[in-house]
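Report on the following structure.
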Amino acid sequence: MRQIVLDTETTGIDPAEGHRIIEIGCVEMMERQLTGRNYHVYVNPEREVEAEAITIHGITNEFLVDKPKFADIADEFFEFIKGAELVIHNAAFDVGFMDSEFGRIKPVRKTADYCGVVDSLALARAKHPGQKNNLDALCKRYGVDNSNRELHGALLDAEILAEVYLLLTGGQTALSLDAGSENGGINGGIRRLSPDRPALPVVKASDAEREAHQAFMSALEKKAGATVWSRLEGAE
C-alpha cells in the first residue's frame, strides 16, 4: 500500500472565505516503511496571509511573493498523491483546502475521487477518548521528538505525523501500565527490524538434555504428583 502523510499551511482557516494554501508537505510510505521520497512546496496564495495565521506558521507575505502559484504546481502535486491513501491529521481541513484549490483550475479534481483519506485525528480520538489528541499531545504520548517544532510547518509536521501514525496504528508500544495516559508512553519508540534480517536459529535440546529433563520430571512427580508439564505432554 502506498500512503502519503500530508499537511498544509494556509492563509486562514476557511477556504469558503477565500483563504488559500501557502505550503504543502508530503511524506511517502510504502507498506508502512518511509521511502525517503517527499514532496514540499511553498505557494503564492495571491492574497494576504492573516496575521493570526503567521503567528502559527511564521510564513510571511514577503516570503511568498516570488513563490509559484497553485495553478503552476497543481499537476505535479496531483501526480504525487494520485492513487495513494492520504494520512492527514484533521483531514477535513486540509482536504477542504485542496478541493478548493483544485476547483479553481481545469480540469476540476476532487481529492476523494483519486485518493483514499485516513484521518489520524479520528483514529486518535477513538483510541484515546477524552484526551488531548493534537499532534503535540500525541508526540508526548508516544515519545516522538518534536523539539524542532517551534512553529507549524507542513513538511516537518508531515514527518512527525508519519512517526506518530505508525505508533498509533502499530499496536502496543510500551509495557508500562500507564502507557495510554497523557504522561505515559514509550521512551524510545518502536525499534523496527529489517525484513531482510537473517532468520533466527532454532536450537533443539540434545538427547542428553532430554534424558536429564525426563529424569528431573520423574523425580518431581514422585514428590508432588502429576505435573502440568506431564499432562501437556500426554495431550500431544
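How things are named: the first chain in the C-alpha cells is A, the next is B, and so on; residues count from 1 in each chain; ligands count from 1 in the order shown.
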Using DSSP assignments from the backbone, pull out every residue in range 78-184 of chain A that falls under strand (DSSP E) and give it to me as a VMD selection string. chain A and resid 85 to 88 116 to 119
Hey, can you spit out that residue selection with C-alpha atoms as an mmCIF file, in the first residue's frame?
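Dumped everything to result_34.cif:
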data_model
loop_
_atom_site.group_PDB
_atom_site.id
_atom_site.type_symbol
_atom_site.label_atom_id
_atom_site.label_comp_id
_atom_site.auth_asym_id
_atom_site.auth_seq_id
_atom_site.Cartn_x
_atom_site.Cartn_y
_atom_site.Cartn_z
ATOM 1 C CA GLU A 85 -4.032 6.708 0.698
ATOM 2 C CA LEU A 86 -3.606 10.128 2.320
ATOM 3 C CA VAL A 87 -2.924 10.228 6.073
ATOM 4 C CA ILE A 88 -3.923 13.655 7.402
ATOM 5 C CA GLY A 116 -8.214 7.338 -0.076
ATOM 6 C CA VAL A 117 -8.209 9.502 3.050
ATOM 7 C CA VAL A 118 -7.396 8.444 6.624
ATOM 8 C CA ASP A 119 -7.982 10.991 9.388
#
Please report, as an MDAnalysis selection string, each residue of range 34-157 of chain A to which DSSP assigns alpha helix (DSSP H) when run on this structure's backbone. chainID A and resid 51:57 61:64 70:81 91:102 111:114 120:127 135:142 154:157
What is the distance, in Å and to one decimal place, between CA of Arg2 in chain A and CA of Asp94 in chain A?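 Between these atoms lies a distance of 19.1 Å.
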